[in-house]
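Shown next: input15.cif, given as mmCIF, C-alpha atoms.
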data_run
#
loop_
_atom_site.label_atom_id
_atom_site.label_comp_id
_atom_site.auth_asym_id
_atom_site.auth_seq_id
_atom_site.Cartn_x
_atom_site.Cartn_y
_atom_site.Cartn_z
CA MET A 20 -8.45 13.48 -1.84
CA LEU A 21 -6.80 10.56 -0.05
CA LEU A 22 -9.65 10.34 2.46
CA ARG A 23 -12.23 10.32 -0.31
CA ALA A 24 -10.37 7.54 -2.13
CA LEU A 25 -10.49 5.42 1.03
CA VAL A 26 -14.30 5.53 1.34
CA LEU A 27 -15.08 4.82 -2.30
CA PHE A 28 -15.77 1.24 -3.31
CA ALA A 29 -15.59 0.19 -6.95
CA ALA A 30 -16.95 -3.16 -8.08
CA VAL A 31 -18.36 -5.06 -11.03
CA ALA A 32 -21.77 -6.66 -11.62
CA ARG A 33 -22.80 -8.86 -14.54
CA SER A 34 -25.67 -7.66 -16.69
CA GLY A 35 -28.30 -10.02 -18.06
CA ASP A 36 -26.21 -10.78 -21.15
CA GLY A 37 -23.03 -11.28 -19.14
CA VAL A 38 -21.43 -7.91 -19.90
CA PRO A 39 -19.44 -6.64 -16.88
CA ILE A 40 -20.83 -3.40 -15.43
CA ASP A 41 -18.50 -1.21 -13.37
CA TYR A 42 -19.93 0.93 -10.62
CA THR A 43 -18.92 3.01 -7.62
CA VAL A 44 -20.76 2.94 -4.30
CA GLU A 45 -20.32 5.17 -1.29
CA GLY A 46 -22.13 6.17 1.89
CA ARG A 47 -25.21 4.76 3.56
CA GLY A 48 -28.83 5.69 4.08
CA GLU A 49 -32.12 5.09 2.28
CA PRO A 50 -33.33 5.55 -0.28
CA ALA A 51 -30.19 4.71 -2.21
CA LEU A 52 -29.51 7.07 -5.11
CA VAL A 53 -28.53 5.29 -8.32
CA PHE A 54 -27.07 7.66 -10.92
CA VAL A 55 -27.32 6.78 -14.62
CA HIS A 56 -25.31 8.82 -17.12
CA CYS A 57 -26.24 9.85 -20.65
CA TRP A 58 -25.04 8.80 -24.10
CA ASN A 59 -21.25 8.65 -24.40
CA CYS A 60 -20.61 9.87 -20.87
CA ASP A 61 -19.53 7.91 -17.79
CA ARG A 62 -20.18 7.59 -14.07
CA HIS A 63 -17.69 10.34 -13.21
CA PHE A 64 -20.08 12.93 -14.62
CA TRP A 65 -21.87 12.43 -11.26
CA ASP A 66 -18.85 12.96 -8.98
CA ALA A 67 -20.18 16.24 -7.56
CA GLN A 68 -23.44 14.53 -6.65
CA LEU A 69 -21.69 11.63 -4.92
CA ARG A 70 -19.74 14.14 -2.84
CA ALA A 71 -22.89 16.08 -1.98
CA PHE A 72 -25.21 13.21 -1.04
CA HIS A 73 -23.07 10.37 0.32
CA LYS A 74 -23.46 11.50 3.94
CA SER A 75 -27.24 11.10 3.85
CA HIS A 76 -27.75 8.38 1.22
CA GLN A 77 -26.01 5.38 -0.19
CA VAL A 78 -24.96 6.65 -3.61
CA VAL A 79 -24.20 4.49 -6.63
CA ALA A 80 -22.84 5.64 -10.00
CA ILE A 81 -22.86 3.18 -12.89
CA ASP A 82 -20.92 2.91 -16.13
CA LEU A 83 -23.48 1.53 -18.57
CA ALA A 84 -22.24 -1.13 -20.98
CA GLY A 85 -20.08 0.40 -23.71
CA HIS A 86 -19.12 3.34 -21.49
CA GLY A 87 -16.34 4.07 -19.04
CA GLN A 88 -14.82 0.95 -17.52
CA SER A 89 -17.75 -1.37 -18.30
CA GLY A 90 -17.65 -4.11 -20.91
CA LYS A 91 -17.98 -3.24 -24.59
CA GLY A 92 -18.95 -6.67 -25.95
CA ARG A 93 -22.71 -6.30 -26.21
CA LYS A 94 -24.34 -7.49 -29.43
CA ASP A 95 -27.57 -5.47 -29.35
CA TRP A 96 -27.46 -1.92 -28.01
CA THR A 97 -30.92 -1.20 -26.62
CA ILE A 98 -32.41 0.91 -23.85
CA GLU A 99 -33.90 -2.28 -22.42
CA ALA A 100 -30.42 -3.83 -22.14
CA PHE A 101 -29.13 -0.71 -20.39
CA GLY A 102 -32.01 -1.13 -17.94
CA ASP A 103 -30.67 -4.62 -17.25
CA ASP A 104 -27.29 -3.04 -16.43
CA VAL A 105 -28.88 -0.92 -13.72
CA LYS A 106 -30.90 -3.82 -12.35
CA ALA A 107 -27.76 -5.98 -12.15
CA VAL A 108 -26.05 -3.42 -9.92
CA VAL A 109 -29.11 -2.89 -7.71
CA ASP A 110 -29.48 -6.66 -7.35
CA LYS A 111 -25.82 -7.17 -6.48
CA LEU A 112 -25.94 -4.49 -3.80
CA GLY A 113 -29.23 -5.82 -2.43
CA LEU A 114 -30.83 -2.37 -2.47
CA LYS A 115 -34.42 -2.29 -1.18
CA ARG A 116 -35.41 1.35 -1.67
CA VAL A 117 -33.98 3.20 -4.65
CA VAL A 118 -34.31 6.55 -6.39
CA LEU A 119 -33.08 6.37 -9.99
CA VAL A 120 -31.45 9.56 -11.29
CA GLY A 121 -31.04 9.45 -15.07
CA SER A 122 -29.56 12.10 -17.34
CA SER A 123 -30.71 12.39 -20.98
CA MET A 124 -30.54 8.82 -22.35
CA GLY A 125 -30.27 7.78 -18.71
CA GLY A 126 -33.89 8.89 -18.23
CA PRO A 127 -35.32 6.21 -20.54
CA VAL A 128 -32.80 3.76 -19.06
CA ALA A 129 -34.20 4.59 -15.62
CA LEU A 130 -37.71 3.83 -16.89
CA GLU A 131 -36.63 0.40 -18.09
CA ALA A 132 -34.79 -0.25 -14.84
CA ALA A 133 -37.85 0.81 -12.82
CA ARG A 134 -40.02 -1.50 -14.85
CA LYS A 135 -37.70 -4.40 -13.96
CA LEU A 136 -37.11 -3.45 -10.31
CA GLY A 137 -40.77 -3.00 -9.38
CA ASP A 138 -41.54 -1.71 -5.90
CA ARG A 139 -37.88 -1.32 -4.99
CA VAL A 140 -37.98 2.01 -6.86
CA VAL A 141 -39.61 4.82 -4.88
CA GLY A 142 -38.99 7.66 -7.33
CA ILE A 143 -37.26 8.73 -10.53
CA VAL A 144 -35.40 11.97 -11.19
CA ALA A 145 -35.16 12.70 -14.92
CA VAL A 146 -32.34 15.11 -15.75
CA ASP A 147 -32.85 17.13 -18.94
CA THR A 148 -34.92 14.38 -20.48
CA LEU A 149 -38.55 13.27 -20.91
CA GLN A 150 -39.52 16.76 -22.05
CA ASN A 151 -42.49 15.30 -23.93
CA VAL A 152 -43.06 11.56 -23.77
CA GLU A 153 -45.58 11.76 -26.62
CA GLN A 154 -43.14 13.34 -29.08
CA LYS A 155 -41.53 10.88 -31.46
CA ALA A 156 -38.45 11.47 -33.59
CA PRO A 157 -39.28 10.99 -37.30
CA PRO A 158 -37.37 7.86 -38.44
CA GLU A 159 -36.19 9.57 -41.63
CA GLN A 160 -34.59 12.38 -39.60
CA VAL A 161 -32.92 9.83 -37.33
CA ASP A 162 -31.58 7.97 -40.36
CA LYS A 163 -30.21 11.16 -41.91
CA LEU A 164 -28.43 12.22 -38.72
CA LEU A 165 -26.93 8.79 -38.13
CA GLN A 166 -25.77 8.50 -41.73
CA GLU A 167 -23.95 11.82 -41.33
CA MET A 168 -22.41 10.60 -38.06
CA THR A 169 -21.29 7.37 -39.67
CA ALA A 170 -19.57 9.30 -42.46
CA ASP A 171 -17.81 11.75 -40.11
CA TYR A 172 -18.29 10.67 -36.53
CA LYS A 173 -16.04 13.15 -34.77
CA GLY A 174 -17.07 16.14 -36.86
CA GLN A 175 -20.81 15.49 -36.70
CA THR A 176 -20.75 14.63 -33.00
CA THR A 177 -18.91 17.85 -32.23
CA LYS A 178 -21.40 19.81 -34.36
CA CYS A 179 -24.52 18.19 -32.90
CA ILE A 180 -23.45 18.56 -29.29
CA GLY A 181 -22.15 22.08 -29.80
CA GLU A 182 -25.27 23.33 -31.58
CA ASN A 183 -27.92 21.51 -29.56
CA LEU A 184 -26.68 20.72 -26.07
CA PHE A 185 -24.52 23.61 -24.92
CA SER A 186 -25.80 27.03 -23.88
CA PRO A 187 -23.94 30.35 -23.85
CA THR A 188 -23.27 29.78 -20.14
CA THR A 189 -21.84 26.26 -20.48
CA PRO A 190 -18.33 26.55 -18.99
CA PRO A 191 -15.42 25.92 -21.39
CA ALA A 192 -14.11 23.11 -19.17
CA VAL A 193 -17.46 21.32 -19.40
CA ARG A 194 -17.54 21.74 -23.17
CA LYS A 195 -14.06 20.27 -23.48
CA ARG A 196 -14.79 17.36 -21.15
CA VAL A 197 -18.04 16.39 -22.85
CA LEU A 198 -16.61 16.59 -26.36
CA THR A 199 -13.44 14.71 -25.43
CA VAL A 200 -15.39 11.77 -23.99
CA ALA A 201 -18.03 11.73 -26.73
CA THR A 202 -15.70 11.98 -29.72
CA SER A 203 -13.24 9.39 -28.42
CA ALA A 204 -15.90 6.67 -28.26
CA SER A 205 -16.32 3.90 -30.84
CA PRO A 206 -18.26 5.34 -33.81
CA ASP A 207 -20.11 2.12 -34.60
CA ARG A 208 -21.13 1.54 -31.01
CA SER A 209 -22.07 5.19 -30.50
CA VAL A 210 -24.30 5.29 -33.57
CA ALA A 211 -26.07 2.08 -32.54
CA MET A 212 -26.71 3.44 -29.04
CA LEU A 213 -27.95 6.78 -30.34
CA ARG A 214 -30.34 5.06 -32.73
CA ALA A 215 -31.79 3.08 -29.83
CA ALA A 216 -32.15 6.21 -27.71
CA MET A 217 -33.74 8.34 -30.43
CA LEU A 218 -36.28 5.71 -31.47
CA TYR A 219 -37.18 4.60 -27.94
CA ASP A 220 -40.84 4.99 -26.95
CA PRO A 221 -41.15 5.76 -23.21
CA VAL A 222 -44.94 5.42 -23.10
CA PRO A 223 -45.20 1.60 -22.74
CA PRO A 224 -42.98 1.36 -19.64
CA LEU A 225 -44.77 4.32 -18.09
CA GLY A 226 -47.91 2.19 -18.11
CA GLU A 227 -46.16 -0.12 -15.63
CA ILE A 228 -44.50 2.50 -13.40
CA ARG A 229 -46.43 3.89 -10.44
CA VAL A 230 -43.83 6.09 -8.77
CA PRO A 231 -43.47 9.87 -8.98
CA ILE A 232 -41.14 11.29 -11.61
CA ARG A 233 -39.53 14.65 -10.98
CA ALA A 234 -37.68 16.24 -13.90
CA ILE A 235 -34.86 18.72 -13.53
CA ASN A 236 -34.64 20.23 -17.00
CA SER A 237 -32.96 23.09 -18.77
CA ASP A 238 -35.29 25.67 -20.27
CA LYS A 239 -33.39 25.44 -23.57
CA TYR A 240 -36.19 23.19 -24.84
CA PRO A 241 -39.75 23.27 -23.44
CA THR A 242 -41.10 20.59 -21.12
CA ASN A 243 -44.70 19.65 -21.91
CA VAL A 244 -46.09 19.00 -18.44
CA GLU A 245 -49.64 18.43 -19.70
CA ALA A 246 -48.60 15.74 -22.19
CA ASN A 247 -46.40 14.03 -19.63
CA ARG A 248 -49.12 13.96 -16.98
CA ARG A 249 -51.37 12.03 -19.33
CA HIS A 250 -48.92 9.16 -18.81
CA ILE A 251 -47.26 10.11 -15.51
CA PRO A 252 -49.91 11.45 -13.10
CA GLN A 253 -47.21 12.21 -10.51
CA PHE A 254 -44.99 14.22 -12.86
CA ASP A 255 -43.43 17.55 -11.99
CA VAL A 256 -40.53 19.61 -13.29
CA ALA A 257 -38.04 22.14 -11.98
CA LEU A 258 -36.21 24.27 -14.53
CA MET A 259 -32.59 25.38 -14.52
CA LYS A 260 -32.92 28.57 -16.53
CA GLY A 261 -30.15 29.41 -18.94
CA ALA A 262 -28.36 26.09 -18.52
CA GLY A 263 -27.33 23.66 -21.22
CA HIS A 264 -27.82 19.91 -21.25
CA TYR A 265 -25.19 18.82 -18.71
CA LEU A 266 -26.84 20.33 -15.66
CA MET A 267 -24.93 18.41 -12.99
CA LEU A 268 -21.62 19.58 -14.47
CA GLU A 269 -22.54 23.12 -15.48
CA ASP A 270 -23.81 24.29 -12.08
CA PRO A 271 -23.46 21.52 -9.48
CA GLY A 272 -24.58 23.69 -6.58
CA ARG A 273 -27.83 24.75 -8.20
CA PHE A 274 -28.46 21.26 -9.53
CA ASN A 275 -27.81 19.61 -6.17
CA ALA A 276 -30.28 21.95 -4.47
CA LEU A 277 -32.97 20.96 -6.99
CA LEU A 278 -32.10 17.29 -6.58
CA ALA A 279 -32.39 17.58 -2.78
CA ASP A 280 -35.79 19.20 -3.22
CA ALA A 281 -36.91 16.42 -5.56
CA LEU A 282 -35.83 13.77 -3.07
CA SER A 283 -37.78 15.50 -0.29
CA ARG A 284 -40.97 15.14 -2.34
CA PHE A 285 -40.78 11.36 -2.66
CA GLU A 286 -42.76 9.24 -0.27
CA LYS A 287 -41.16 8.62 3.11
CA PRO A 288 -40.61 5.00 4.19
CA PRO A 289 -43.34 3.45 6.35
CA GLU A 290 -42.87 3.82 10.12
#

Please re-express this file's structure in structure tokens.
Amino acid sequence: MLLRALVLFAAVARSGDGVPIDYTVEGRGEPALVFVHCWNCDRHFWDAQLRAFHKSHQVVAIDLAGHGQSGKGRKDWTIEAFGDDVKAVVDKLGLKRVVLVGSSMGGPVALEAARKLGDRVVGIVAVDTLQNVEQKAPPEQVDKLLQEMTADYKGQTTKCIGENLFSPTTPPAVRKRVLTVATSASPDRSVAMLRAAMLYDPVPPLGEIRVPIRAINSDKYPTNVEANRRHIPQFDVALMKGAGHYLMLEDPGRFNALLADALSRFEKPPE
């Protein structure tokens, strides 16, 4: 553990609105892998991936604004602003070739970051997200859920995550970790972020993104490959059967093998 602590480098970038964004960087090698966590998680959810890939790639794990050690003083919580967080870190590190790996809400964040980073992004790995980019959440259902969360944040968050995001095989330690982090967050901030995530439309940024997107999804909910390929011609998916939502935590070995396969499919750098 001491050796690992010596090779980690933690730093801070400033997002477009000035909010400080904490991140960890380790290793070397292109393309760099930039890991983006989901709603009410933090960069340490990717620790097993940093350990697995730092010998072959530069690996970067970010705390989005409002999460982990990053600043909490943002006025407007939007997916676009989270994309600015990712861009700020990539800019500060001077990364030229990047694969964005985004879990759940981190998938849409990766789309916004890719839109801003242009040809520096060579691929996107969407982790249990983008199951159907054409499917929209009915606003009235979003309002109802968020009203219930506002009234009883801890209770409703525990219920929603427990009923919708865990599977029978989700390890107890993962359940405890996820719920502890999620329910200890600021209710007001969490509700605002979740509203932005649930109402976000991924189709417009996809019109500007020309890189392949490889999803690694649970089979708990179906992935509509046909619908996605209408907007992402280079879309593919690998399924982790029987898993819940937190794939990188639930079975890191299986997830890392699928991530390595996804990386192998992205275009090699020019000779």

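Proximity to A:Ser75 was assessed for A:Asp103, A:Glu45, A:Asp147, A:Glu153 counting all atoms listed in the file; the smallest distance is recorded for A:Glu45.
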
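As for atom CA of A:Leu282 and atom CA of A:Leu130, they are spaced 17.1 Å apart.
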
Compare A:Asn275, A:Thr97, A:Asn183, A:Asn59 by their minimum atom-to-atom distance to A:Glu131, counting all atoms listed in the file, and give me the closest one. A:Thr97

12 Å contact set for A:Asp162, all atoms listed in the file, chain neighbours under 4 positions out, as an MDAnalysis selection string: chainID A and resid 156:158 166:169 210:211 213:215 217:218

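Among the candidates A:Cys179, A:Ala67, A:Ala201, A:Cys57, the one nearest to A:Ile98 when counting all atoms listed in the file is A:Cys57.
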
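In this model, the gap between atom CA of A:Gly46 and atom CA of A:Gly137 comes to 23.6 Å.
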
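Proximity ranking of A:Val79, A:Leu277, A:Val53, A:Leu268 relative to A:Pro191 places A:Leu268 first, based on all atoms listed in the file.
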
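One distance worth recording is that between atom CA of A:Gly261 and atom CA of A:Val120, which is 21.3 Å.
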
Which residue is closest to A:Gln154? Choose from A:Val244, A:Asp220, A:Arg116, A:Gln88 and count all atoms listed in the file. A:Asp220

Pick out the residues sitting within 10 Å of A:Ala71, and hand them over as a list in words; count all atoms listed in the file, and ignore anything fewer than 6 positions along from it in its own chain. Val78, Pro271, Gly272, Asn275, Ala276 and Ala279 of chain A

Prev. selection, C-alpha atoms, output as a PDB file, in the frame of the given file:
ATOM      1  CA  VAL A  78     -24.960   6.650  -3.610  1.00  0.00           C
ATOM      2  CA  PRO A 271     -23.460  21.520  -9.480  1.00  0.00           C
ATOM      3  CA  GLY A 272     -24.580  23.690  -6.580  1.00  0.00           C
ATOM      4  CA  ASN A 275     -27.810  19.610  -6.170  1.00  0.00           C
ATOM      5  CA  ALA A 276     -30.280  21.950  -4.470  1.00  0.00           C
ATOM      6  CA  ALA A 279     -32.390  17.580  -2.780  1.00  0.00           C
TER       7      ALA A 279
END

Contacts of A:Ala29 at 12 Å (only C-alpha atoms; same-chain gap of 3+ positions) as a PDB file with C-alpha atoms, in the coordinates of the input:
ATOM      1  CA  ALA A  24     -10.370   7.540  -2.130  1.00  0.00           C
ATOM      2  CA  LEU A  25     -10.490   5.420   1.030  1.00  0.00           C
ATOM      3  CA  VAL A  26     -14.300   5.530   1.340  1.00  0.00           C
ATOM      4  CA  ALA A  32     -21.770  -6.660 -11.620  1.00  0.00           C
ATOM      5  CA  ILE A  40     -20.830  -3.400 -15.430  1.00  0.00           C
ATOM      6  CA  ASP A  41     -18.500  -1.210 -13.370  1.00  0.00           C
ATOM      7  CA  TYR A  42     -19.930   0.930 -10.620  1.00  0.00           C
ATOM      8  CA  THR A  43     -18.920   3.010  -7.620  1.00  0.00           C
ATOM      9  CA  VAL A  44     -20.760   2.940  -4.300  1.00  0.00           C
ATOM     10  CA  GLU A  45     -20.320   5.170  -1.290  1.00  0.00           C
ATOM     11  CA  ARG A  62     -20.180   7.590 -14.070  1.00  0.00           C
ATOM     12  CA  VAL A  78     -24.960   6.650  -3.610  1.00  0.00           C
ATOM     13  CA  VAL A  79     -24.200   4.490  -6.630  1.00  0.00           C
ATOM     14  CA  ALA A  80     -22.840   5.640 -10.000  1.00  0.00           C
ATOM     15  CA  ILE A  81     -22.860   3.180 -12.890  1.00  0.00           C
ATOM     16  CA  ASP A  82     -20.920   2.910 -16.130  1.00  0.00           C
ATOM     17  CA  GLN A  88     -14.820   0.950 -17.520  1.00  0.00           C
ATOM     18  CA  SER A  89     -17.750  -1.370 -18.300  1.00  0.00           C
ATOM     19  CA  VAL A 108     -26.050  -3.420  -9.920  1.00  0.00           C
ATOM     20  CA  LEU A 112     -25.940  -4.490  -3.800  1.00  0.00           C
TER      21      LEU A 112
END

Can you tell me which residues surround A:His264 at a distance of at most 12 Å, considering only C-alpha atoms, apart from same-chain residues fewer than 6 positions away, and format the answer as a PyMOL selection string? chain A and resi 57-58+122-124+146-148+180-190+193-194+197+235-240+258+270+274

For A:His56, the closest of A:Ala129, A:Val31, A:Leu114, A:Ala100 counting all atoms listed in the file is A:Ala129

On this structure, which residues satisfy the PyMOL selection byres ((chain A and resi 221) around 8), written as a JSON list (two decimals) with C-alpha atoms, keeping the file's coordinate frame?
[["chain", "number", "residue", "atom", "x", "y", "z"],
["A", 127, "PRO", "CA", -35.32, 6.21, -20.54],
["A", 130, "LEU", "CA", -37.71, 3.83, -16.89],
["A", 152, "VAL", "CA", -43.06, 11.56, -23.77],
["A", 219, "TYR", "CA", -37.18, 4.60, -27.94],
["A", 220, "ASP", "CA", -40.84, 4.99, -26.95],
["A", 222, "VAL", "CA", -44.94, 5.42, -23.10],
["A", 223, "PRO", "CA", -45.20, 1.60, -22.74],
["A", 224, "PRO", "CA", -42.98, 1.36, -19.64],
["A", 225, "LEU", "CA", -44.77, 4.32, -18.09]]

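Residues matched by the PyMOL selection byres ((chain A and resi 173) around 9) in this file are Met168, Asp171, Tyr172, Gly174, Gln175, Thr176, Thr177, Lys178, Ala201, Thr202, Ser203 and Pro206 of chain A.
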
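Residues selected in this file by the PyMOL selection byres ((chain A and resi 85) around 9) comprise Asn59, Asp82, Leu83, Ala84, His86, Gly87, Gln88, Ser89, Gly90, Lys91, Gly92, Arg93, Trp96, Ala204, Ser205, Arg208 and Ser209 of chain A.
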
Would you pick out the contacts of A:Val117 at 8 Å or less, using only C-alpha atoms, so that residues sharing its chain but fewer than 3 positions from it are not included, and give the list as number ranges by chain? A: 49-53, 114, 139-142
